[in-house]
>>> print(open('model_2.pdb').read())   # PDB, C-alpha atoms
ATOM      1  CA  MET A   1      18.789  -8.794  18.174  1.00  0.00           C
ATOM      2  CA  GLU A   2      15.343 -10.284  18.822  1.00  0.00           C
ATOM      3  CA  THR A   3      13.645  -7.032  17.741  1.00  0.00           C
ATOM      4  CA  SER A   4      15.858  -6.783  14.660  1.00  0.00           C
ATOM      5  CA  SER A   5      14.899 -10.322  13.696  1.00  0.00           C
ATOM      6  CA  ALA A   6      11.179  -9.590  14.099  1.00  0.00           C
ATOM      7  CA  VAL A   7      11.447  -6.417  12.031  1.00  0.00           C
ATOM      8  CA  ARG A   8      13.409  -8.240   9.327  1.00  0.00           C
ATOM      9  CA  ARG A   9      10.773 -11.000   9.140  1.00  0.00           C
ATOM     10  CA  SER A  10       8.051  -8.373   8.875  1.00  0.00           C
ATOM     11  CA  LEU A  11       9.834  -6.469   6.115  1.00  0.00           C
ATOM     12  CA  ALA A  12      10.757  -9.628   4.186  1.00  0.00           C
ATOM     13  CA  ARG A  13       7.176 -10.757   3.628  1.00  0.00           C
ATOM     14  CA  ARG A  14       6.219 -11.253   0.009  1.00  0.00           C
ATOM     15  CA  ALA A  15       3.621  -9.207  -1.776  1.00  0.00           C
ATOM     16  CA  VAL A  16       0.336 -11.130  -1.935  1.00  0.00           C
ATOM     17  CA  ARG A  17      -1.620 -10.887  -5.174  1.00  0.00           C
ATOM     18  CA  VAL A  18      -3.782 -14.009  -4.738  1.00  0.00           C
ATOM     19  CA  PHE A  19      -6.359 -13.989  -1.985  1.00  0.00           C
ATOM     20  CA  GLY A  20      -8.597 -16.540  -0.312  1.00  0.00           C
ATOM     21  CA  ASP A  21     -12.370 -16.245  -0.028  1.00  0.00           C
ATOM     22  CA  GLN A  22     -12.438 -15.038   3.587  1.00  0.00           C
ATOM     23  CA  PRO A  23     -13.792 -11.507   3.958  1.00  0.00           C
ATOM     24  CA  VAL A  24     -11.808  -8.769   5.670  1.00  0.00           C
ATOM     25  CA  GLN A  25     -13.873  -7.216   8.414  1.00  0.00           C
ATOM     26  CA  ARG A  26     -14.237  -3.433   8.471  1.00  0.00           C
ATOM     27  CA  GLU A  27     -13.004  -3.423  12.060  1.00  0.00           C
ATOM     28  CA  VAL A  28      -9.673  -4.906  10.930  1.00  0.00           C
ATOM     29  CA  VAL A  29      -9.247  -2.246   8.244  1.00  0.00           C
ATOM     30  CA  THR A  30     -10.174   0.456  10.759  1.00  0.00           C
ATOM     31  CA  SER A  31      -7.602  -0.915  13.208  1.00  0.00           C
ATOM     32  CA  ILE A  32      -4.869  -0.941  10.542  1.00  0.00           C
ATOM     33  CA  VAL A  33      -5.575   2.645   9.489  1.00  0.00           C
ATOM     34  CA  ASP A  34      -5.894   3.759  13.123  1.00  0.00           C
ATOM     35  CA  ALA A  35      -2.382   2.505  13.839  1.00  0.00           C
ATOM     36  CA  ALA A  36      -0.886   3.607  10.483  1.00  0.00           C
ATOM     37  CA  ARG A  37      -2.108   7.177  10.927  1.00  0.00           C
ATOM     38  CA  TRP A  38       0.629   7.596  13.548  1.00  0.00           C
ATOM     39  CA  THR A  39       3.300   7.212  10.841  1.00  0.00           C
ATOM     40  CA  GLY A  40       5.524  10.262  10.778  1.00  0.00           C
ATOM     41  CA  SER A  41       5.294  12.838   8.009  1.00  0.00           C
ATOM     42  CA  ALA A  42       7.163  16.002   7.124  1.00  0.00           C
ATOM     43  CA  ARG A  43       5.923  18.901   9.269  1.00  0.00           C
ATOM     44  CA  ASN A  44       3.203  16.503  10.503  1.00  0.00           C
ATOM     45  CA  ARG A  45       1.222  17.253   7.316  1.00  0.00           C
ATOM     46  CA  GLN A  46      -0.247  13.731   7.185  1.00  0.00           C
ATOM     47  CA  PRO A  47      -0.774  14.014   3.416  1.00  0.00           C
ATOM     48  CA  TRP A  48      -3.017  10.973   3.220  1.00  0.00           C
ATOM     49  CA  ARG A  49      -6.651   9.986   3.344  1.00  0.00           C
ATOM     50  CA  PHE A  50      -8.008   6.461   2.865  1.00  0.00           C
ATOM     51  CA  VAL A  51     -11.023   4.840   1.235  1.00  0.00           C
ATOM     52  CA  ALA A  52     -11.652   1.133   1.859  1.00  0.00           C
ATOM     53  CA  VAL A  53     -13.282  -0.297  -1.249  1.00  0.00           C
ATOM     54  CA  TYR A  54     -15.378  -3.463  -0.958  1.00  0.00           C
ATOM     55  CA  ASP A  55     -17.592  -2.876  -4.024  1.00  0.00           C
ATOM     56  CA  PRO A  56     -16.631  -5.399  -6.769  1.00  0.00           C
ATOM     57  CA  GLN A  57     -17.401  -2.980  -9.612  1.00  0.00           C
ATOM     58  CA  VAL A  58     -15.243  -0.229  -8.151  1.00  0.00           C
ATOM     59  CA  LYS A  59     -12.404  -2.701  -7.479  1.00  0.00           C
ATOM     60  CA  ALA A  60     -12.616  -3.907 -11.093  1.00  0.00           C
ATOM     61  CA  ALA A  61     -12.455  -0.328 -12.358  1.00  0.00           C
ATOM     62  CA  LEU A  62      -9.452   0.429 -10.131  1.00  0.00           C
ATOM     63  CA  ALA A  63      -7.722  -2.688 -11.464  1.00  0.00           C
ATOM     64  CA  ARG A  64      -7.709  -1.123 -14.933  1.00  0.00           C
ATOM     65  CA  LEU A  65      -5.952   2.070 -13.784  1.00  0.00           C
ATOM     66  CA  GLY A  66      -2.424   0.779 -13.244  1.00  0.00           C
ATOM     67  CA  GLN A  67      -0.083  -1.344 -15.316  1.00  0.00           C
ATOM     68  CA  TYR A  68       0.354  -3.832 -12.443  1.00  0.00           C
ATOM     69  CA  ALA A  69      -2.999  -3.338 -10.713  1.00  0.00           C
ATOM     70  CA  ALA A  70      -5.033  -6.244 -12.140  1.00  0.00           C
ATOM     71  CA  HIS A  71      -5.044  -8.136  -8.832  1.00  0.00           C
ATOM     72  CA  LEU A  72      -7.058  -5.341  -7.186  1.00  0.00           C
ATOM     73  CA  ALA A  73     -10.215  -6.757  -8.793  1.00  0.00           C
ATOM     74  CA  ALA A  74      -9.950 -10.000  -6.798  1.00  0.00           C
ATOM     75  CA  ALA A  75      -8.777  -8.539  -3.484  1.00  0.00           C
ATOM     76  CA  PRO A  76     -11.368  -8.691  -0.696  1.00  0.00           C
ATOM     77  CA  VAL A  77     -10.693  -5.014   0.043  1.00  0.00           C
ATOM     78  CA  VAL A  78      -8.683  -2.305  -1.693  1.00  0.00           C
ATOM     79  CA  LEU A  79      -7.407   0.519   0.468  1.00  0.00           C
ATOM     80  CA  VAL A  80      -7.086   3.544  -1.820  1.00  0.00           C
ATOM     81  CA  VAL A  81      -4.577   6.099  -0.574  1.00  0.00           C
ATOM     82  CA  LEU A  82      -5.442   9.669  -1.471  1.00  0.00           C
ATOM     83  CA  SER A  83      -2.868  12.450  -1.373  1.00  0.00           C
ATOM     84  CA  PRO A  84      -2.882  16.138  -2.347  1.00  0.00           C
ATOM     85  CA  ALA A  85      -2.811  16.619  -6.119  1.00  0.00           C
ATOM     86  CA  GLU A  86      -0.369  19.517  -5.754  1.00  0.00           C
ATOM     87  CA  THR A  87       2.388  17.630  -4.011  1.00  0.00           C
ATOM     88  CA  MET A  88       5.270  19.014  -2.083  1.00  0.00           C
ATOM     89  CA  LEU A  89       8.560  17.246  -2.691  1.00  0.00           C
ATOM     90  CA  ASP A  90       8.144  15.090   0.410  1.00  0.00           C
ATOM     91  CA  THR A  91       4.517  14.007  -0.164  1.00  0.00           C
ATOM     92  CA  GLU A  92       5.328  10.826  -2.082  1.00  0.00           C
ATOM     93  CA  PHE A  93       7.969   9.917   0.514  1.00  0.00           C
ATOM     94  CA  ASP A  94       5.418  10.364   3.297  1.00  0.00           C
ATOM     95  CA  VAL A  95       2.796   8.329   1.418  1.00  0.00           C
ATOM     96  CA  GLY A  96       5.372   5.567   0.929  1.00  0.00           C
ATOM     97  CA  ARG A  97       5.997   5.572   4.665  1.00  0.00           C
ATOM     98  CA  VAL A  98       2.311   5.185   5.527  1.00  0.00           C
ATOM     99  CA  VAL A  99       1.852   2.450   2.901  1.00  0.00           C
ATOM    100  CA  GLN A 100       4.796   0.560   4.441  1.00  0.00           C
ATOM    101  CA  SER A 101       3.090   0.911   7.823  1.00  0.00           C
ATOM    102  CA  ILE A 102      -0.176  -0.410   6.361  1.00  0.00           C
ATOM    103  CA  THR A 103       1.486  -3.483   4.830  1.00  0.00           C
ATOM    104  CA  THR A 104       3.361  -4.217   8.061  1.00  0.00           C
ATOM    105  CA  LEU A 105       0.213  -3.837  10.156  1.00  0.00           C
ATOM    106  CA  ALA A 106      -1.744  -5.983   7.703  1.00  0.00           C
ATOM    107  CA  ALA A 107       0.824  -8.767   8.098  1.00  0.00           C
ATOM    108  CA  ALA A 108       0.568  -8.478  11.880  1.00  0.00           C
ATOM    109  CA  SER A 109      -3.214  -8.891  11.476  1.00  0.00           C
ATOM    110  CA  GLY A 110      -2.771 -12.076   9.433  1.00  0.00           C
ATOM    111  CA  LEU A 111      -3.490 -10.408   6.092  1.00  0.00           C
ATOM    112  CA  GLY A 112      -1.536 -10.383   2.888  1.00  0.00           C
ATOM    113  CA  SER A 113      -1.093  -7.152   0.982  1.00  0.00           C
ATOM    114  CA  CYS A 114       0.307  -5.676  -2.192  1.00  0.00           C
ATOM    115  CA  PRO A 115       0.705  -1.954  -2.844  1.00  0.00           C
ATOM    116  CA  VAL A 116       0.185  -0.669  -6.383  1.00  0.00           C
ATOM    117  CA  SER A 117       0.731   2.593  -8.214  1.00  0.00           C
ATOM    118  CA  LEU A 118      -2.125   4.052 -10.224  1.00  0.00           C
ATOM    119  CA  TYR A 119      -0.676   5.966 -13.145  1.00  0.00           C
ATOM    120  CA  PRO A 120      -0.366   7.955 -15.363  1.00  0.00           C
ATOM    121  CA  GLU A 121      -1.842  11.032 -13.672  1.00  0.00           C
ATOM    122  CA  ALA A 122      -5.125  10.648 -15.591  1.00  0.00           C
ATOM    123  CA  SER A 123      -5.516   7.218 -13.976  1.00  0.00           C
ATOM    124  CA  SER A 124      -4.746   8.678 -10.539  1.00  0.00           C
ATOM    125  CA  ARG A 125      -7.442  11.313 -11.036  1.00  0.00           C
ATOM    126  CA  ALA A 126      -9.905   8.692 -12.316  1.00  0.00           C
ATOM    127  CA  ALA A 127      -9.224   6.519  -9.252  1.00  0.00           C
ATOM    128  CA  ALA A 128      -9.834   9.465  -6.929  1.00  0.00           C
ATOM    129  CA  ASP A 129     -13.097  10.219  -8.712  1.00  0.00           C
ATOM    130  CA  LEU A 130     -14.171   6.551  -8.454  1.00  0.00           C
ATOM    131  CA  VAL A 131     -13.844   6.601  -4.666  1.00  0.00           C
ATOM    132  CA  GLY A 132     -15.265  10.080  -4.115  1.00  0.00           C
ATOM    133  CA  GLY A 133     -11.995  11.881  -3.467  1.00  0.00           C
ATOM    134  CA  GLU A 134     -12.012  15.638  -3.016  1.00  0.00           C
ATOM    135  CA  PRO A 135     -11.207  17.608  -6.202  1.00  0.00           C
ATOM    136  CA  ASP A 136      -7.773  18.670  -4.961  1.00  0.00           C
ATOM    137  CA  TRP A 137      -6.772  15.113  -3.950  1.00  0.00           C
ATOM    138  CA  THR A 138      -5.572  12.280  -6.173  1.00  0.00           C
ATOM    139  CA  ALA A 139      -5.164   8.510  -5.787  1.00  0.00           C
ATOM    140  CA  ARG A 140      -1.673   7.532  -6.933  1.00  0.00           C
ATOM    141  CA  HIS A 141      -1.532   4.428  -4.726  1.00  0.00           C
ATOM    142  CA  ALA A 142      -3.707   1.616  -3.411  1.00  0.00           C
ATOM    143  CA  VAL A 143      -3.131  -1.477  -1.290  1.00  0.00           C
ATOM    144  CA  ALA A 144      -4.805  -4.827  -1.931  1.00  0.00           C
ATOM    145  CA  LEU A 145      -5.689  -6.526   1.365  1.00  0.00           C
ATOM    146  CA  GLY A 146      -6.936 -10.012   2.126  1.00  0.00           C
ATOM    147  CA  HIS A 147      -6.195 -13.410   3.552  1.00  0.00           C
ATOM    148  CA  PRO A 148      -3.492 -15.006   1.376  1.00  0.00           C
ATOM    149  CA  GLY A 149      -4.671 -17.567  -1.136  1.00  0.00           C
ATOM    150  CA  GLU A 150      -2.779 -20.354  -2.825  1.00  0.00           C
ATOM    151  CA  PRO A 151      -0.046 -18.789  -4.994  1.00  0.00           C
ATOM    152  CA  PRO A 152       0.196 -19.990  -8.580  1.00  0.00           C
ATOM    153  CA  ARG A 153       2.688 -22.757  -9.213  1.00  0.00           C
ATOM    154  CA  GLY A 154       5.644 -22.201 -11.477  1.00  0.00           C
ATOM    155  CA  VAL A 155       8.700 -20.051 -11.720  1.00  0.00           C
ATOM    156  CA  SER A 156       8.388 -16.363 -10.934  1.00  0.00           C
ATOM    157  CA  ALA A 157       9.512 -13.867 -13.550  1.00  0.00           C
ATOM    158  CA  LEU A 158      10.712 -11.629 -10.732  1.00  0.00           C
ATOM    159  CA  PRO A 159      14.108 -11.989  -9.099  1.00  0.00           C
ATOM    160  CA  ALA A 160      14.084 -13.364  -5.555  1.00  0.00           C
ATOM    161  CA  GLY A 161      16.216 -12.395  -2.590  1.00  0.00           C
ATOM    162  CA  ARG A 162      17.967  -9.138  -1.840  1.00  0.00           C
ATOM    163  CA  LEU A 163      21.257  -7.551  -2.784  1.00  0.00           C
ATOM    164  CA  ALA A 164      23.985  -8.052  -0.220  1.00  0.00           C
ATOM    165  CA  THR A 165      24.555  -5.215   2.225  1.00  0.00           C
ATOM    166  CA  THR A 166      28.079  -4.865   0.819  1.00  0.00           C
ATOM    167  CA  GLN A 167      26.522  -4.031  -2.569  1.00  0.00           C
ATOM    168  CA  LEU A 168      24.291  -1.363  -1.090  1.00  0.00           C
ATOM    169  CA  LEU A 169      26.339   0.344   1.621  1.00  0.00           C
ATOM    170  CA  ARG A 170      29.553   2.351   1.436  1.00  0.00           C
ATOM    171  CA  PHE A 171      31.397   4.234   4.162  1.00  0.00           C
ATOM    172  CA  ARG A 172      33.516   7.358   3.702  1.00  0.00           C
TER     173      ARG A 172
END
>>> encode(input="model_2.pdb", output="structure tokens")
Amino acid sequence: METSSAVRRSLARRAVRVFGDQPVQREVVTSIVDAARWTGSARNRQPWRFVAVYDPQVKAALARLGQYAAHLAAAPVVLVVLSPAETMLDTEFDVGRVVQSITTLAAASGLGSCPVSLYPEASSRAAADLVGGEPDWTARHAVALGHPGEPPRGVSALPAGRLATTQLLRFR
């Protein structure tokens, strides 16, 4: 049960949208992506490419491309996740898997993270263009990375906790 407890703690971490002033070294980002690239994918397609964005102007532009992406502007680094524009049915599932790996590895490196979706499709294409993505690739997702800052005080508008297993699981 020790492993289960460690995995549960890792998965239960909160999304971090407020970051401290400490920079995130390129070597840390490289290490995270190096480990995350081993995430499984359908037929080993690995339908992902990454661009680590440190440029404040590019981060600010990315922050305007998703309804819940504003915090990207203040993140020390934004890891843009590119995927093929013509997706197969399993592409988004595979991208979700690698993003989960990235957030877990970031936590293990002492970083906070928050994945975002960049939509509608025009925003995804604009994000890919901003980071120099190939014409047949798009940027539907990005991950804010940085050392956690002091969260704002007050009551969250989002529900806390998780549904009970009995509400989620049935047996037949």
>>> resolve_selection(input="model_2.pdb", expression="the PyMOL selection byres ((chain A and resi 73-83) around 8)", output="number ranges by chain")
A: 17-19, 21-24, 47-54, 56, 59-63, 70-72, 84-85, 87, 91, 95, 128, 131, 133, 137-146
>>> atom_distance(input="model_2.pdb", atom1="CA of Pro148 (chain A)", atom2="CA of Val58 (chain A)")
21.1 Å
>>> residues_near_point(input="model_2.pdb", point="(6.1, 12.6, 11.0)", cutoff="12 Å", atoms="all atoms listed in the file", output="PDB file with C-alpha atoms, keeping the file's coordinate frame")
ATOM      1  CA  ALA A  36      -0.886   3.607  10.483  1.00  0.00           C
ATOM      2  CA  ARG A  37      -2.108   7.177  10.927  1.00  0.00           C
ATOM      3  CA  TRP A  38       0.629   7.596  13.548  1.00  0.00           C
ATOM      4  CA  THR A  39       3.300   7.212  10.841  1.00  0.00           C
ATOM      5  CA  GLY A  40       5.524  10.262  10.778  1.00  0.00           C
ATOM      6  CA  SER A  41       5.294  12.838   8.009  1.00  0.00           C
ATOM      7  CA  ALA A  42       7.163  16.002   7.124  1.00  0.00           C
ATOM      8  CA  ARG A  43       5.923  18.901   9.269  1.00  0.00           C
ATOM      9  CA  ASN A  44       3.203  16.503  10.503  1.00  0.00           C
ATOM     10  CA  ARG A  45       1.222  17.253   7.316  1.00  0.00           C
ATOM     11  CA  GLN A  46      -0.247  13.731   7.185  1.00  0.00           C
ATOM     12  CA  PRO A  47      -0.774  14.014   3.416  1.00  0.00           C
ATOM     13  CA  ASP A  90       8.144  15.090   0.410  1.00  0.00           C
ATOM     14  CA  THR A  91       4.517  14.007  -0.164  1.00  0.00           C
ATOM     15  CA  PHE A  93       7.969   9.917   0.514  1.00  0.00           C
ATOM     16  CA  ASP A  94       5.418  10.364   3.297  1.00  0.00           C
ATOM     17  CA  VAL A  95       2.796   8.329   1.418  1.00  0.00           C
ATOM     18  CA  ARG A  97       5.997   5.572   4.665  1.00  0.00           C
ATOM     19  CA  VAL A  98       2.311   5.185   5.527  1.00  0.00           C
TER      20      VAL A  98
END
>>> atom_distance(input="model_2.pdb", atom1="CA of Pro120 (chain A)", atom2="CA of Gly66 (chain A)")
7.8 Å
>>> closest_residue(input="model_2.pdb", among="A:Leu89, A:Gly110, A:Leu65, A:Pro159", to="Val28 (chain A)", atoms="all atoms listed in the file")
A:Gly110
>>> atom_distance(input="model_2.pdb", atom1="CA of Gln57 (chain A)", atom2="CA of Leu130 (chain A)")
10.1 Å
>>> residues_around(input="model_2.pdb", residues="Ser31 (chain A)", least_positions_apart="5", cutoff="10 Å", atoms="all atoms listed in the file", output="list in words")
Arg26, Ala36, Leu105, Ala106 and Ser109 of chain A
